[in-house]
>>> print(open('final.cif').read())   # mmCIF, C-alpha atoms
data_coords
loop_
_atom_site.label_atom_id
_atom_site.label_comp_id
_atom_site.auth_asym_id
_atom_site.auth_seq_id
_atom_site.Cartn_x
_atom_site.Cartn_y
_atom_site.Cartn_z
CA MET A 29 0.00 0.00 0.00
CA GLN A 30 1.46 3.31 -1.07
CA GLN A 31 -0.62 6.14 0.38
CA THR A 32 -0.14 7.04 4.02
CA ALA A 33 -2.82 8.13 6.47
CA ASP A 34 -1.81 10.41 9.29
CA ASN A 35 -4.83 10.37 11.58
CA GLY A 36 -4.72 6.84 12.96
CA GLN A 37 -8.18 5.91 11.76
CA CYS A 38 -9.40 2.58 13.13
CA VAL A 39 -10.21 -0.17 10.63
CA TYR A 40 -11.82 -3.45 11.64
CA VAL A 41 -10.55 -6.44 9.64
CA VAL A 42 -13.10 -9.24 10.05
CA ASP A 43 -12.09 -12.49 8.36
CA ASP A 44 -11.45 -16.04 9.57
CA ASP A 45 -8.43 -16.44 7.26
CA ILE A 46 -5.44 -15.66 9.48
CA SER A 47 -3.02 -15.18 6.59
CA ILE A 48 -5.29 -12.65 4.88
CA THR A 49 -5.99 -10.67 8.06
CA ARG A 50 -2.28 -10.58 8.89
CA LEU A 51 -1.37 -9.29 5.43
CA ILE A 52 -4.12 -6.67 5.41
CA ALA A 53 -3.26 -5.55 8.96
CA ILE A 54 0.44 -5.16 8.15
CA ASN A 55 -0.32 -3.01 5.13
CA LEU A 56 -2.94 -0.94 6.91
CA THR A 57 -0.46 -0.24 9.69
CA ALA A 58 2.21 0.73 7.17
CA SER A 59 -0.28 3.17 5.66
CA GLY A 60 -0.96 4.86 8.99
CA TYR A 61 -4.21 3.17 9.95
CA GLN A 62 -4.94 1.29 13.16
CA PRO A 63 -6.29 -2.16 12.25
CA LYS A 64 -8.14 -4.38 14.71
CA VAL A 65 -8.43 -8.00 13.61
CA PHE A 66 -11.38 -10.26 14.37
CA HIS A 67 -11.84 -13.81 13.16
CA ASP A 68 -15.50 -13.90 14.16
CA GLY A 69 -18.16 -11.44 13.05
CA TYR A 70 -20.09 -11.50 16.31
CA GLU A 71 -16.96 -10.61 18.26
CA ALA A 72 -16.44 -7.59 16.00
CA LEU A 73 -20.10 -6.68 16.47
CA ASP A 74 -19.75 -6.83 20.26
CA ASN A 75 -16.81 -4.41 20.17
CA LEU A 76 -18.18 -2.05 17.54
CA GLU A 77 -20.33 0.23 19.68
CA ASP A 78 -17.59 0.89 22.24
CA ASP A 79 -14.78 1.26 19.69
CA CYS A 80 -16.62 3.27 17.04
CA PRO A 81 -14.27 2.21 14.19
CA ASP A 82 -13.94 4.36 11.09
CA LEU A 83 -14.38 1.49 8.65
CA VAL A 84 -15.10 -2.26 8.60
CA LEU A 85 -13.56 -4.76 6.16
CA LEU A 86 -15.87 -7.77 6.36
CA ASP A 87 -15.61 -11.27 4.92
CA LEU A 88 -18.93 -12.85 3.97
CA VAL A 89 -18.02 -16.51 4.46
CA MET A 90 -16.89 -17.41 7.98
CA PRO A 91 -17.44 -20.71 9.82
CA ASN A 92 -19.44 -19.38 12.76
CA CYS A 93 -21.38 -16.55 11.16
CA ASN A 94 -22.88 -15.21 7.95
CA GLY A 95 -21.29 -11.96 6.79
CA LEU A 96 -24.57 -10.80 5.30
CA GLU A 97 -26.24 -11.18 8.68
CA ILE A 98 -23.37 -9.30 10.34
CA THR A 99 -23.83 -6.50 7.80
CA ARG A 100 -27.52 -6.29 8.65
CA LEU A 101 -26.82 -6.24 12.39
CA ILE A 102 -24.14 -3.56 12.06
CA ARG A 103 -26.60 -1.35 10.20
CA LEU A 104 -29.03 -1.59 13.08
CA ILE A 105 -26.58 0.19 15.38
CA SER A 106 -24.06 2.05 13.22
CA SER A 107 -23.52 3.89 9.94
CA VAL A 108 -19.83 2.93 9.83
CA PRO A 109 -18.70 2.28 6.22
CA ILE A 110 -18.53 -1.42 5.35
CA ILE A 111 -16.39 -2.87 2.57
CA VAL A 112 -17.22 -6.51 1.91
CA LEU A 113 -14.38 -8.87 1.00
CA SER A 114 -15.58 -12.14 -0.50
CA VAL A 115 -14.78 -15.00 -2.87
CA ARG A 116 -18.45 -14.96 -3.89
CA ASN A 117 -18.62 -13.20 -7.23
CA GLU A 118 -22.26 -13.72 -8.22
CA ILE A 119 -24.21 -10.53 -8.78
CA THR A 120 -27.08 -11.62 -6.51
CA THR A 121 -24.76 -11.82 -3.51
CA LYS A 122 -23.25 -8.43 -4.31
CA LEU A 123 -26.67 -6.81 -4.60
CA THR A 124 -27.84 -8.46 -1.39
CA ALA A 125 -24.79 -7.13 0.48
CA LEU A 126 -25.38 -3.63 -0.87
CA ASP A 127 -29.08 -3.84 -0.09
CA LEU A 128 -28.30 -4.78 3.52
CA GLY A 129 -26.09 -1.72 3.90
CA ALA A 130 -22.59 -2.51 2.61
CA ASP A 131 -20.92 0.46 0.92
CA ASP A 132 -18.56 -1.47 -1.35
CA TYR A 133 -17.79 -5.02 -2.46
CA VAL A 134 -14.33 -6.38 -3.29
CA THR A 135 -13.98 -9.85 -4.79
CA LYS A 136 -11.16 -12.12 -3.65
CA PRO A 137 -8.43 -12.43 -4.70
CA PHE A 138 -7.74 -8.70 -4.76
CA SER A 139 -4.62 -6.59 -5.02
CA LEU A 140 -3.50 -4.59 -1.99
CA ARG A 141 -3.28 -1.51 -4.21
CA GLU A 142 -6.95 -1.84 -5.13
CA LEU A 143 -7.95 -2.38 -1.52
CA GLN A 144 -5.88 0.63 -0.47
CA ALA A 145 -7.61 2.81 -3.09
CA ARG A 146 -11.02 1.78 -1.81
CA VAL A 147 -10.15 2.15 1.87
CA SER A 148 -8.55 5.56 1.31
CA ALA A 149 -11.42 6.83 -0.82
CA MET A 150 -14.05 5.65 1.62
CA LEU A 151 -12.34 7.18 4.67
CA ARG A 152 -11.57 10.38 2.79
CA ARG A 153 -15.24 10.85 1.98
CA VAL A 154 -16.26 10.15 5.56
CA GLU A 155 -13.71 12.65 6.84
CA MET A 156 -14.90 15.29 4.37
CA ASP A 157 -18.49 14.80 5.54
CA ARG A 158 -17.41 14.97 9.18
CA THR A 159 -15.33 18.14 8.86
CA ALA A 160 -17.42 20.05 6.32
CA PRO A 161 -18.20 23.49 7.80
CA VAL A 162 -21.83 24.24 8.52
CA ASN A 163 -21.39 27.96 7.86
CA GLY A 164 -21.21 28.64 4.16
CA ALA A 165 -22.68 25.24 3.30
CA PRO A 166 -24.77 25.26 0.13
CA ASP A 167 -28.41 26.09 0.48
CA PRO A 168 -30.79 23.11 0.24
CA LEU A 169 -31.43 22.00 -3.31
CA GLU A 170 -35.15 22.41 -3.88
CA PHE A 171 -37.13 20.77 -6.65
CA GLY A 172 -40.76 21.31 -5.80
CA PRO A 173 -41.68 18.87 -3.02
CA LEU A 174 -38.20 17.30 -3.13
CA VAL A 175 -35.62 19.05 -0.93
CA ILE A 176 -32.01 17.88 -0.68
CA ASN A 177 -30.26 19.45 2.29
CA THR A 178 -26.55 18.85 1.72
CA ALA A 179 -25.51 20.52 4.99
CA ALA A 180 -27.76 18.30 7.11
CA HIS A 181 -27.29 15.32 4.77
CA GLU A 182 -31.07 14.97 4.68
CA THR A 183 -33.68 14.56 1.96
CA THR A 184 -37.37 15.32 2.33
CA LEU A 185 -40.29 14.67 -0.02
CA ASP A 186 -43.59 16.41 0.61
CA GLY A 187 -42.20 17.40 4.00
CA GLU A 188 -41.43 13.83 5.03
CA VAL A 189 -37.85 12.64 5.60
CA VAL A 190 -36.68 10.12 3.00
CA ARG A 191 -34.40 7.53 4.55
CA LEU A 192 -31.37 7.24 2.26
CA ARG A 193 -28.16 5.33 2.67
CA ARG A 194 -25.05 7.49 2.53
CA ARG A 195 -24.18 6.44 -1.01
CA GLU A 196 -27.75 6.93 -2.19
CA PHE A 197 -27.69 10.47 -0.81
CA ASP A 198 -24.31 11.21 -2.38
CA LEU A 199 -25.53 9.98 -5.77
CA LEU A 200 -28.75 11.97 -5.57
CA ALA A 201 -26.96 15.14 -4.44
CA PHE A 202 -24.36 14.87 -7.21
CA LEU A 203 -26.97 14.41 -9.93
CA ALA A 204 -29.11 17.21 -8.50
CA ARG A 205 -26.18 19.64 -8.35
CA ASN A 206 -25.60 18.89 -12.03
CA GLU A 207 -29.24 19.01 -13.07
CA GLY A 208 -29.75 18.24 -16.75
CA GLN A 209 -26.25 16.85 -17.33
CA ALA A 210 -25.93 13.19 -18.30
CA PHE A 211 -23.30 11.01 -16.63
CA SER A 212 -22.25 7.51 -17.62
CA ARG A 213 -22.03 4.77 -15.01
CA GLU A 214 -18.23 5.03 -15.09
CA GLN A 215 -18.37 8.80 -14.52
CA LEU A 216 -20.77 8.39 -11.61
CA LEU A 217 -18.52 5.79 -10.02
CA GLN A 218 -15.59 8.18 -10.34
CA HIS A 219 -17.41 11.24 -8.98
CA VAL A 220 -19.61 9.64 -6.33
CA TRP A 221 -17.67 6.57 -5.25
CA GLY A 222 -14.46 8.60 -5.42
CA TYR A 223 -12.00 6.29 -7.12
CA ASP A 224 -11.32 4.45 -10.38
CA TYR A 225 -13.72 1.61 -9.80
CA VAL A 226 -12.60 -1.79 -11.02
CA GLY A 227 -15.57 -4.10 -11.11
CA ASP A 228 -19.25 -4.29 -11.92
CA THR A 229 -20.75 -0.93 -12.91
CA ARG A 230 -24.22 -2.31 -12.22
CA THR A 231 -23.85 -1.05 -8.65
CA VAL A 232 -24.86 2.35 -10.10
CA ASP A 233 -28.02 0.82 -11.59
CA VAL A 234 -28.85 -0.71 -8.20
CA HIS A 235 -28.52 2.61 -6.39
CA VAL A 236 -30.55 4.40 -9.07
CA ARG A 237 -33.28 1.79 -8.70
CA TRP A 238 -33.32 2.29 -4.91
CA LEU A 239 -33.51 6.06 -5.32
CA ARG A 240 -36.37 5.82 -7.79
CA GLN A 241 -38.30 3.64 -5.35
CA LYS A 242 -37.92 6.32 -2.71
CA ILE A 243 -38.35 9.63 -4.56
CA GLU A 244 -40.37 8.84 -7.70
CA LYS A 245 -44.16 8.76 -7.68
CA ASP A 246 -43.99 5.90 -10.19
CA PRO A 247 -40.55 4.20 -10.16
CA SER A 248 -41.37 2.38 -13.40
CA ASP A 249 -41.94 5.75 -15.10
CA PRO A 250 -39.34 8.03 -13.47
CA ARG A 251 -39.56 11.79 -13.92
CA ARG A 252 -36.57 12.91 -11.84
CA ILE A 253 -33.74 10.43 -12.43
CA LEU A 254 -33.84 9.67 -16.14
CA THR A 255 -31.99 7.08 -18.20
CA VAL A 256 -30.23 8.51 -21.24
CA ARG A 257 -29.91 6.13 -24.19
CA GLY A 258 -29.43 3.22 -21.78
CA VAL A 259 -25.85 4.23 -20.93
CA ALA A 260 -26.17 7.27 -18.66
CA TYR A 261 -28.34 8.99 -16.09
CA ARG A 262 -29.37 12.60 -15.57
CA PHE A 263 -31.45 14.47 -13.02
CA ALA A 264 -34.46 16.35 -14.37
CA GLY A 265 -35.62 17.98 -11.15
#
>>> encode(input="final.cif", output="structure tokens")
Amino acid sequence: MQQTADNGQCVYVVDDDISITRLIAINLTASGYQPKVFHDGYEALDNLEDDCPDLVLLDLVMPNCNGLEITRLIRLISSVPIIVLSVRNEITTKLTALDLGADDYVTKPFSLRELQARVSAMLRRVEMDRTAPVNGAPDPLEFGPLVINTAAHETTLDGEVVRLRRREFDLLAFLARNEGQAFSREQLLQHVWGYDYVGDTRTVDVHVRWLRQKIEKDPSDPRRILTVRGVAYRFAG
């Protein structure tokens, strides 16, 4: 891993494979992070509330627990970013993990450089959200009954709060700020996910589908988030 963190952010490494956790921990330490290794998901879960880690790297397949269930349980108590690490490459498993609250999905085997890029990008975005000044923050983006408050990280529709995952909100806010401009899946991954994504671009389609279910009157006939020629998306307000 090449980039170096200087704030000692805590990263949980949850995987039953001792050789993998050791390698990841060594490289995280060399990059300035503070890894904590767990070989059981429930043990990590028990420590999570007291520790308040900055990020969780989570294996899906462990002998004593199901990583998907651990993801669901983490989301009940914390919004900590979760990057799934798994040998399971089927799209249904990826979508299930994302649907349960994972922020990213890395298929094993992976390169340490790729993992570093994803860890750094994820923590950088969290830090930017955490330290963004309230004063001088952009005014809420208003589109009739839809209001996107970037300072409060909150979306309302007809006066009711719309519960969005962090990545859903980031995607919606980015498209809304660039109303009328079309972005390809690759461009959205670069701007919203914050790194050169190597993998399945259908994660964008999944998040768009979730957003449409939450902010469109008729998700099957969207009027706000539009598909452009099947290869891009734009926000119509």
>>> axis_aligned_box(input="final.cif", around="segment 107-121 of chain A", padding_each_side="8 Å", output="lines of an AutoDock Vina configuration file")
center_x = -20.7
center_y = -5.6
center_z = 0.6
size_x = 28.7
size_y = 34.9
size_z = 34.7
>>> atom_distance(input="final.cif", atom1="atom CA of Thr229 of chain A", atom2="atom CA of Leu216 of chain A")
9.4 Å
>>> closest_residue(input="final.cif", among="A:Arg237, A:Asp246, A:Gly265, A:Val154", to="Ala204 of chain A", atoms="all atoms listed in the file")
A:Gly265
>>> residues_around(input="final.cif", residues="segment 99-114 of chain A", least_positions_apart="2", cutoff="7 Å", atoms="all atoms listed in the file", output="list of chain:residue names")
A:Leu73, A:Asp82, A:Leu83, A:Val84, A:Leu85, A:Leu86, A:Asp87, A:Leu88, A:Gly95, A:Leu96, A:Glu97, A:Arg116, A:Leu128, A:Gly129, A:Ala130, A:Asp131, A:Asp132, A:Tyr133, A:Val134, A:Thr135, A:Lys136
>>> resolve_selection(input="final.cif", expression="the PyMOL selection byres ((chain A and resi 36) around 12)", output="PyMOL selection string")
chain A and resi 32-35+37-39+56-64+81-83+151
>>> resolve_selection(input="final.cif", expression="the PyMOL selection byres ((chain A and resi 143) around 10)", output="list in words")
Met29, Ile52, Leu56, Leu85, Ile111, Leu113, Val134, Phe138, Ser139, Leu140, Arg141, Glu142, Gln144, Ala145, Arg146, Val147, Ser148 and Ala149 of chain A
>>> atom_distance(input="final.cif", atom1="atom CA of Asp44 of chain A", atom2="atom CA of Lys122 of chain A")
19.7 Å
>>> atom_distance(input="final.cif", atom1="atom CA of Lys245 of chain A", atom2="atom CA of Leu185 of chain A")
10.4 Å
